[in-house]
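Asker: What follows is a structure written as structure tokens; I'll ask about it next.
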Amino acid sequence: MLIVKNLRKKYKDFLALKGISYEIKEGEIFGILGPNGAGKSTMIKILTCFHKPTSGTVEINKISIKEKDKIKQLIGWVPQEETFYTNLTVKENIEYFGSLYNISRKEIKSRSEEILKLLQIENKTNSLAGSLSGGMKRRLSLAIALIHNPKIIYLDEPTAGVDPVSRRALWEIIKKIKQKNITILFCTHYLDEAELLCDRIAILRSGEIIAIDTPAKLKKKYKTLEEAFIKLVKYENRKTS
């Protein structure tokens, strides 16, 4: 599904990504864990075609990320910040963003009804986006990311800043999205949700991937996922100091 090979990104004298490589299987939830400054945001910007890599390759379904128009049809993105229009209703936002993908109004209506039901916000269709709670705004962002029926979605810390009840509700929604055989790249700071949701996890530190494994295998080796994260990151700090 997604193949990243030797991906490097340099900003003047700073090397943000140092040749990272990984593959994500179709229908998998692949987690990216890392401290602040690890390179997660840089990686996402490359995967979403906002930044060009310095070197290396990215392919989705054997299509190079250089083919932007084709790639954008395959991906959905839920960034940390809100990207919808707060003065439009939920319905109007979905219709607008769906139109950017040249989807017919009839198809947008059909898809939005299905997506809003999946995300459990069908009762908010005519609500202004700006009036929604934090958790509901996240669901709207998910709806917008899904409206064009992407093959893979990138979730960049989707539960950051939401209350515990909304956070758990979002977990269940992410599980339902996976059941639709949509591949998910999941960036998070929360180890508990990475353990619960992810099939495999990559730990990113200072622009390098220092471990890739299943949560179960990391726990078996280090007792807890938190212990695995701390020990691996500390070990990398000692190596580079």
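Chain labels follow the order of the structure tokens: the first chain is A, the next B, and so on; residue numbering restarts at 1 in every chain, and ligands are counted from 1 in their shown order.
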Please build the interface table for region 171-239 of chain A against region 130-144 of chain A with a cut-off of 12 Å, listing for each qualifying residue the nearest atom pair and the distance in Å to one decimal; count only C-alpha atoms, order rows by chain and increasing number, and write it as a Markdown table.

Answerer:
```
| residue | atom | partner | partner_atom | distance |
| --- | --- | --- | --- | --- |
| A:Trp171 | CA | A:Arg139 | CA | 11.2 |
| A:Glu172 | CA | A:Arg139 | CA | 11.7 |
| A:Ile173 | CA | A:Arg139 | CA | 8.7 |
| A:Ile174 | CA | A:Leu142 | CA | 9.4 |
| A:Ile177 | CA | A:Leu142 | CA | 9.8 |
| A:Ile184 | CA | A:Leu142 | CA | 11.8 |
```

Asker: I need the chosen residues saved as a CSV table (one decimal), in the first residue's frame, with all heavy atoms.

Answerer:
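Final file, result-v9.csv:
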```csv
chain,number,residue,atom,x,y,z
A,171,TRP,N,-11.7,6.6,19.3
A,171,TRP,CA,-11.0,5.3,19.1
A,171,TRP,C,-12.0,4.3,18.4
A,171,TRP,O,-11.6,3.6,17.5
A,171,TRP,CB,-10.7,4.8,20.5
A,171,TRP,CG,-9.6,5.5,21.2
A,171,TRP,CD1,-8.8,6.5,20.7
A,171,TRP,CD2,-9.1,5.2,22.5
A,171,TRP,NE1,-7.9,6.9,21.7
A,171,TRP,CE2,-8.1,6.1,22.8
A,171,TRP,CE3,-9.5,4.4,23.5
A,171,TRP,CZ2,-7.4,6.2,24.0
A,171,TRP,CZ3,-8.9,4.4,24.8
A,171,TRP,CH2,-7.8,5.3,25.0
A,172,GLU,N,-13.2,4.3,18.9
A,172,GLU,CA,-14.2,3.4,18.3
A,172,GLU,C,-14.5,3.7,16.8
A,172,GLU,O,-14.6,2.8,16.0
A,172,GLU,CB,-15.5,3.4,19.1
A,172,GLU,CG,-15.4,2.9,20.5
A,172,GLU,CD,-14.7,1.5,20.6
A,172,GLU,OE1,-15.2,0.6,19.8
A,172,GLU,OE2,-13.8,1.4,21.4
A,173,ILE,N,-14.5,5.0,16.5
A,173,ILE,CA,-14.7,5.4,15.1
A,173,ILE,C,-13.5,5.0,14.2
A,173,ILE,O,-13.7,4.6,13.1
A,173,ILE,CB,-14.9,7.0,15.1
A,173,ILE,CG1,-16.3,7.3,15.6
A,173,ILE,CG2,-14.7,7.5,13.6
A,173,ILE,CD1,-16.5,8.8,15.9
A,174,ILE,N,-12.3,5.2,14.7
A,174,ILE,CA,-11.1,4.8,14.0
A,174,ILE,C,-11.1,3.2,13.7
A,174,ILE,O,-10.8,2.8,12.6
A,174,ILE,CB,-9.8,5.2,14.8
A,174,ILE,CG1,-9.7,6.7,14.7
A,174,ILE,CG2,-8.6,4.5,14.1
A,174,ILE,CD1,-8.7,7.3,15.7
A,177,ILE,N,-13.5,2.7,10.8
A,177,ILE,CA,-12.9,3.1,9.6
A,177,ILE,C,-12.0,2.0,9.1
A,177,ILE,O,-12.0,1.7,7.9
A,177,ILE,CB,-12.1,4.4,9.7
A,177,ILE,CG1,-13.0,5.6,10.0
A,177,ILE,CG2,-11.2,4.7,8.5
A,177,ILE,CD1,-12.4,6.9,10.4
A,184,ILE,N,-4.6,3.2,7.6
A,184,ILE,CA,-4.4,4.4,8.4
A,184,ILE,C,-3.0,4.5,8.9
A,184,ILE,O,-2.4,3.6,9.4
A,184,ILE,CB,-5.4,4.3,9.6
A,184,ILE,CG1,-6.9,4.2,9.2
A,184,ILE,CG2,-5.2,5.5,10.6
A,184,ILE,CD1,-7.8,3.9,10.3
```

Asker: Could you give me, as a PyMOL selection string, each residue of region 10-208 of chain A that DSSP assigns to alpha helix (DSSP H) when run on this structure's backbone?

Answerer: chain A and resi 40-47+68-74+90-99+105-118+134-146+164-179+191-197

Asker: Determine the nearest neighbour of Leu118 (chain A) from the options A:Lys40, A:Lys176, A:Lys72, A:Lys151, counting only C-alpha atoms.

Answerer: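 Counting only C-alpha atoms, the residue closest to Leu118 (chain A) is A:Lys176.
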
Asker: If you measure from CA of Thr224 (chain A) to CA of Arg168 (chain A), what distance in Å do you get, rounded to one decimal?

Answerer: 20.7 Å

Asker: Please report the interatomic distance between CA of Thr86 (chain A) and CA of Leu74 (chain A) in Å with one decimal.

Answerer: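 Atom-to-atom, CA of Thr86 (chain A) and CA of Leu74 (chain A) are spaced 25.9 Å apart.
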
Asker: Which residues are near region 203-209 of chain A? Cut-off 12 Å, only C-alpha atoms, ignore same chain within fewer than 2 positions. Put them as JSON, numbers by chain.

Answerer: {"A": [4, 5, 6, 7, 8, 9, 10, 14, 15, 16, 17, 18, 19, 20, 21, 22, 30, 31, 32, 33, 34, 35, 36, 37, 38, 39, 40, 41, 42, 43, 186, 187, 188, 189, 191, 194, 200, 201, 211, 212, 213, 214, 215, 218, 225, 226, 228, 229, 230, 231, 232, 233, 234, 235, 236, 237, 239, 240, 241]}

Asker: Store the residues picked out above in a file with C-alpha atoms, as an mmCIF file, in the first residue's frame.

Answerer:
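Output contents, as saved in selection-v9.cif:
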```cif
data_model
loop_
_atom_site.group_PDB
_atom_site.id
_atom_site.type_symbol
_atom_site.label_atom_id
_atom_site.label_comp_id
_atom_site.auth_asym_id
_atom_site.auth_seq_id
_atom_site.Cartn_x
_atom_site.Cartn_y
_atom_site.Cartn_z
ATOM 1 C CA VAL A 4 8.658 4.753 1.993
ATOM 2 C CA LYS A 5 12.314 4.227 1.042
ATOM 3 C CA ASN A 6 15.311 6.194 2.326
ATOM 4 C CA LEU A 7 13.278 9.370 2.793
ATOM 5 C CA ARG A 8 15.449 12.391 3.585
ATOM 6 C CA LYS A 9 14.516 16.032 4.107
ATOM 7 C CA LYS A 10 17.053 18.786 4.658
ATOM 8 C CA PHE A 14 19.268 20.838 9.367
ATOM 9 C CA LEU A 15 18.497 17.240 8.408
ATOM 10 C CA ALA A 16 14.912 16.671 9.574
ATOM 11 C CA LEU A 17 14.575 13.147 8.127
ATOM 12 C CA LYS A 18 17.643 10.932 7.882
ATOM 13 C CA GLY A 19 16.681 8.261 5.394
ATOM 14 C CA ILE A 20 13.614 6.619 6.950
ATOM 15 C CA SER A 21 12.084 3.492 5.396
ATOM 16 C CA TYR A 22 8.916 1.532 6.156
ATOM 17 C CA PHE A 30 0.417 1.884 11.395
ATOM 18 C CA GLY A 31 1.400 4.094 14.310
ATOM 19 C CA ILE A 32 4.168 6.687 14.386
ATOM 20 C CA LEU A 33 5.408 7.537 17.879
ATOM 21 C CA GLY A 34 8.041 10.114 18.653
ATOM 22 C CA PRO A 35 8.911 13.045 20.920
ATOM 23 C CA ASN A 36 8.523 16.635 19.756
ATOM 24 C CA GLY A 37 10.979 17.435 17.003
ATOM 25 C CA ALA A 38 11.286 13.805 15.907
ATOM 26 C CA GLY A 39 10.282 14.580 12.318
ATOM 27 C CA LYS A 40 6.631 13.467 12.309
ATOM 28 C CA SER A 41 5.280 16.758 10.932
ATOM 29 C CA THR A 42 7.952 16.894 8.229
ATOM 30 C CA MET A 43 7.099 13.351 7.171
ATOM 31 C CA PHE A 186 -1.639 7.216 12.877
ATOM 32 C CA CYS A 187 0.658 9.800 14.511
ATOM 33 C CA THR A 188 0.169 10.133 18.261
ATOM 34 C CA HIS A 189 1.833 11.050 21.542
ATOM 35 C CA LEU A 191 0.940 5.327 24.163
ATOM 36 C CA ALA A 194 -1.194 3.388 20.060
ATOM 37 C CA ARG A 200 2.385 -2.040 14.181
ATOM 38 C CA ILE A 201 4.304 0.917 15.582
ATOM 39 C CA ALA A 211 12.221 0.515 16.011
ATOM 40 C CA ILE A 212 9.292 -1.019 14.127
ATOM 41 C CA ASP A 213 7.241 -3.804 15.702
ATOM 42 C CA THR A 214 3.821 -4.810 16.970
ATOM 43 C CA PRO A 215 2.703 -3.424 20.330
ATOM 44 C CA LEU A 218 7.452 -4.404 22.113
ATOM 45 C CA LEU A 225 4.946 0.130 25.662
ATOM 46 C CA GLU A 226 5.892 3.144 27.760
ATOM 47 C CA ALA A 228 9.889 0.459 25.322
ATOM 48 C CA PHE A 229 9.462 4.055 24.176
ATOM 49 C CA ILE A 230 11.522 5.540 27.009
ATOM 50 C CA LYS A 231 14.376 3.035 26.754
ATOM 51 C CA LEU A 232 14.624 3.232 22.968
ATOM 52 C CA VAL A 233 14.591 7.029 22.932
ATOM 53 C CA LYS A 234 17.115 7.254 25.777
ATOM 54 C CA TYR A 235 19.376 4.739 24.037
ATOM 55 C CA GLU A 236 19.256 6.839 20.892
ATOM 56 C CA ASN A 237 20.097 9.943 22.924
ATOM 57 C CA LYS A 239 24.250 7.138 20.850
ATOM 58 C CA THR A 240 24.003 10.650 19.410
ATOM 59 C CA SER A 241 25.376 12.600 22.404
#
```

Asker: One decimal, Å: what's the distance from CA of Thr159 (chain A) over to CA of Asn123 (chain A), could you say?

Answerer: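 Going from CA of Thr159 (chain A) over to CA of Asn123 (chain A), I get 21.3 Å.
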
Asker: Do you know which residues are at most 8 Å from Tyr154 (chain A) counting only C-alpha atoms, after dropping those on the same chain fewer than 6 positions away, and could you put them as a PyMOL selection string?

Answerer: chain A and resi 44+75-79+184-187

Asker: Given the choices A:Asp156, A:Glu28, A:Glu59, A:Asp199, which gets closest to Glu81 (chain A) if the distance is worked out from only C-alpha atoms?

Answerer: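 With only C-alpha atoms as the atom set, the closest residue is A:Asp156.
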
Asker: Excluding Gln80 (chain A) and its own-chain neighbours fewer than 4 positions away, which residues fall within 8 Å of it when counting only C-alpha atoms? Please give them as a list in words.

Answerer: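 Residues meeting the cut-off are Asp156, Glu157, Pro158 and Ala160 of chain A.
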
Asker: If we count only C-alpha atoms and set the cut-off at 6 Å, which residues sit around Ile182 (chain A), ignoring sequence neighbours fewer than 4 positions away in its own chain? Please answer as a list in words.

Answerer: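 Counting only C-alpha atoms, the residues come to Gly27, Lys151, Ile152 and Lys178 of chain A.
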